[in-house]
Amino acid sequence: MPELPLTGGCLCGAVRFEVTEPPVSAGYCHCTRCRRRTGTAASVQATIVPGSLRVVSGEELVRCWEPPSGAWKCYCSACGGALWSRPADDPTGASIRLGTFDEDPGIRPSYRQFVAYAVPWEPIPDDGLPRFDERRPSDWA
Ligand SMILES: [Zn+2]
Ligand SMILES: [Zn+2]
């Protein structure tokens with residue numbers, strides 16, 4: 001188990017954050033928004049305990065795209081690096097992009113969601129993770 005708090009940041013380093021509790025779960029999202037947001041086939045992210053994310057620097061640079069439905073997509077406005085999603089109705093929740101952590105965050109991806117929208121140019125690996133055509137029940141990222 002990694003030491004807490006977990007630390008991480010954006011590409012340019014202006015936004016730095018801490019996570020004070022071990023993440024709850026992690027998974028891949030193959031939805032179109034995650035594809036466009038990251039420019040990759042899928043986004044891998046960890047859902048955290050509500051209230052356990054603390055921005056320690058660069059908070060003024062964090063912007064969120066607020067889609068008409070679904071979670072906000074937050075990023076650093078200086079470098080464009082994706083940071084996390086937030087449920088529109090709960091500012092304490094977050095699903096943090098795994099690649100933003102400095103060190104091993106301890107958790108491992110345990111599912112794949114929105115696989116009905118997966119790209120044709122990168123086959124989903126045969127990794128044994130449960131797959132959900134749409135949103136995984138109880139997830140919102
Ligand atoms: Zn940045
Ligand atoms: Zn997604």
# chains A, B, ... in the order shown; residues from 1 in each chain; ligands from 1
$ residues_near_ligand --ligand "ligand 2" --cutoff "8 Å" --atoms "only C-alpha atoms and all ligand atoms" --output "number ranges by chain"
A: 28-35, 42-43, 113-114, 141
$ residues_around --residues "A:Arg63" --least-positions-apart "3" --cutoff "7 Å" --atoms "only C-alpha atoms" --output "JSON list (two decimals) with N, CA, C and O atoms, in the first residue's frame"
[["chain", "number", "residue", "atom", "x", "y", "z"],
["A", 74, "CYS", "N", -12.25, 17.99, -15.92],
["A", 74, "CYS", "CA", -11.38, 19.06, -15.43],
["A", 74, "CYS", "C", -9.94, 18.87, -15.91],
["A", 74, "CYS", "O", -9.47, 17.74, -16.00],
["A", 75, "TYR", "N", -9.29, 19.99, -16.19],
["A", 75, "TYR", "CA", -7.96, 19.96, -16.80],
["A", 75, "TYR", "C", -7.21, 21.23, -16.42],
["A", 75, "TYR", "O", -7.80, 22.19, -15.89],
["A", 76, "CYS", "N", -5.92, 21.23, -16.69],
["A", 76, "CYS", "CA", -5.10, 22.42, -16.44],
["A", 76, "CYS", "C", -5.21, 23.34, -17.65],
["A", 76, "CYS", "O", -4.91, 22.92, -18.77],
["A", 77, "SER", "N", -5.59, 24.60, -17.42],
["A", 77, "SER", "CA", -5.78, 25.52, -18.54],
["A", 77, "SER", "C", -4.44, 26.05, -19.07],
["A", 77, "SER", "O", -4.41, 26.67, -20.13]]
$ residues_near_ligand --ligand "ligand 1" --cutoff "9 Å" --atoms "only C-alpha atoms and all ligand atoms" --output "list in words"
Gly9, Cys10, Leu11, Cys12, Gly13, Ala14, Val15, Arg16, Gly58, Leu61, Val62, Tyr75, Cys76, Ser77, Ala78, Cys79, Gly80, Gly81 and Ala82 of chain A
$ write_last_selection --atoms "N, CA and C atoms" --output "short mmCIF file (atom, residue, chain, number, x, y, z; two decimals), in the first residue's frame"
data_model
loop_
_atom_site.label_atom_id
_atom_site.label_comp_id
_atom_site.auth_asym_id
_atom_site.auth_seq_id
_atom_site.Cartn_x
_atom_site.Cartn_y
_atom_site.Cartn_z
N GLY A 9 0.04 15.63 -10.40
CA GLY A 9 -0.02 16.95 -11.00
C GLY A 9 -0.26 16.88 -12.49
N CYS A 10 -0.35 18.07 -13.08
CA CYS A 10 -0.59 18.18 -14.52
C CYS A 10 0.72 18.13 -15.28
N LEU A 11 0.63 18.22 -16.56
CA LEU A 11 1.80 18.15 -17.44
C LEU A 11 2.83 19.24 -17.17
N CYS A 12 2.38 20.49 -17.01
CA CYS A 12 3.33 21.60 -16.82
C CYS A 12 3.77 21.74 -15.37
N GLY A 13 3.08 21.06 -14.46
CA GLY A 13 3.47 21.10 -13.06
C GLY A 13 2.85 22.22 -12.25
N ALA A 14 2.07 23.09 -12.89
CA ALA A 14 1.47 24.20 -12.15
C ALA A 14 0.36 23.72 -11.21
N VAL A 15 -0.39 22.72 -11.65
CA VAL A 15 -1.44 22.16 -10.79
C VAL A 15 -0.85 20.95 -10.06
N ARG A 16 -0.89 20.98 -8.75
CA ARG A 16 -0.43 19.87 -7.91
C ARG A 16 -1.56 19.50 -6.96
N GLY A 58 -1.97 25.81 -7.94
CA GLY A 58 -2.51 25.99 -9.28
C GLY A 58 -4.02 25.85 -9.39
N LEU A 61 -5.86 27.58 -12.09
CA LEU A 61 -5.68 27.13 -13.48
C LEU A 61 -6.60 25.98 -13.85
N VAL A 62 -7.24 25.37 -12.84
CA VAL A 62 -8.10 24.22 -13.12
C VAL A 62 -9.40 24.72 -13.75
N TYR A 75 -9.29 19.99 -16.19
CA TYR A 75 -7.96 19.96 -16.80
C TYR A 75 -7.21 21.23 -16.42
N CYS A 76 -5.92 21.23 -16.69
CA CYS A 76 -5.10 22.42 -16.44
C CYS A 76 -5.21 23.34 -17.65
N SER A 77 -5.59 24.60 -17.42
CA SER A 77 -5.78 25.52 -18.54
C SER A 77 -4.44 26.05 -19.07
N ALA A 78 -3.34 25.81 -18.38
CA ALA A 78 -2.03 26.24 -18.88
C ALA A 78 -1.45 25.23 -19.86
N CYS A 79 -1.59 23.94 -19.56
CA CYS A 79 -0.96 22.92 -20.42
C CYS A 79 -1.97 22.00 -21.09
N GLY A 80 -3.23 22.03 -20.66
CA GLY A 80 -4.25 21.19 -21.28
C GLY A 80 -4.29 19.77 -20.72
N GLY A 81 -3.46 19.48 -19.75
CA GLY A 81 -3.42 18.11 -19.22
C GLY A 81 -4.71 17.74 -18.50
N ALA A 82 -5.27 16.58 -18.86
CA ALA A 82 -6.48 16.09 -18.18
C ALA A 82 -6.14 15.75 -16.74
#
$ atom_distance --atom1 "atom CA of A:Pro87" --atom2 "atom CA of A:Ser69"
9.8 Å
$ residues_around --residues "A:Val44" --least-positions-apart "2" --cutoff "8 Å" --atoms "only C-alpha atoms" --output "MDAnalysis selection string"
chainID A and resid 26:29 42 46 97:99 109
$ select_by_dssp --residues "stretch 19-100 of chain A" --states "strand (DSSP E)" --output "ChimeraX atom specification"
/A:19,25-29,43-47,53-57,62-65,72-76,82-86,95-97
$ write_last_selection --atoms "C-alpha atoms" --output "short mmCIF file (atom, residue, chain, number, x, y, z; two decimals), in the first residue's frame"
data_model
loop_
_atom_site.label_atom_id
_atom_site.label_comp_id
_atom_site.auth_asym_id
_atom_site.auth_seq_id
_atom_site.Cartn_x
_atom_site.Cartn_y
_atom_site.Cartn_z
CA VAL A 19 -5.34 12.42 -2.33
CA SER A 25 -11.84 1.65 -7.58
CA ALA A 26 -10.22 2.12 -10.96
CA GLY A 27 -11.17 1.29 -14.52
CA TYR A 28 -10.91 2.05 -18.18
CA CYS A 29 -13.50 4.23 -19.90
CA SER A 43 -8.97 6.76 -20.29
CA VAL A 44 -7.95 4.97 -17.11
CA GLN A 45 -8.97 6.59 -13.86
CA ALA A 46 -9.50 6.04 -10.16
CA THR A 47 -12.65 6.95 -8.26
CA LEU A 53 -8.85 15.35 -3.18
CA ARG A 54 -6.97 18.51 -2.21
CA VAL A 55 -5.48 20.88 -4.79
CA VAL A 56 -2.25 22.19 -3.25
CA SER A 57 -1.19 24.56 -6.04
CA VAL A 62 -8.10 24.22 -13.12
CA ARG A 63 -10.94 24.53 -15.63
CA CYS A 64 -13.81 22.11 -16.12
CA TRP A 65 -15.74 21.43 -19.26
CA TRP A 72 -17.46 17.60 -15.59
CA LYS A 73 -14.08 17.09 -17.22
CA CYS A 74 -11.38 19.06 -15.43
CA TYR A 75 -7.96 19.96 -16.80
CA CYS A 76 -5.10 22.42 -16.44
CA ALA A 82 -6.48 16.09 -18.18
CA LEU A 83 -6.80 15.85 -14.40
CA TRP A 84 -10.12 14.41 -13.20
CA SER A 85 -13.88 14.18 -13.67
CA ARG A 86 -16.36 15.47 -11.11
CA SER A 95 -12.37 10.32 -10.71
CA ILE A 96 -8.68 11.02 -11.19
CA ARG A 97 -6.76 10.11 -14.32
#
$ closest_residue --among "A:Ala88, A:Ala41, A:Ala94, A:Val24" --to "A:Arg108" --atoms "only C-alpha atoms"
A:Val24
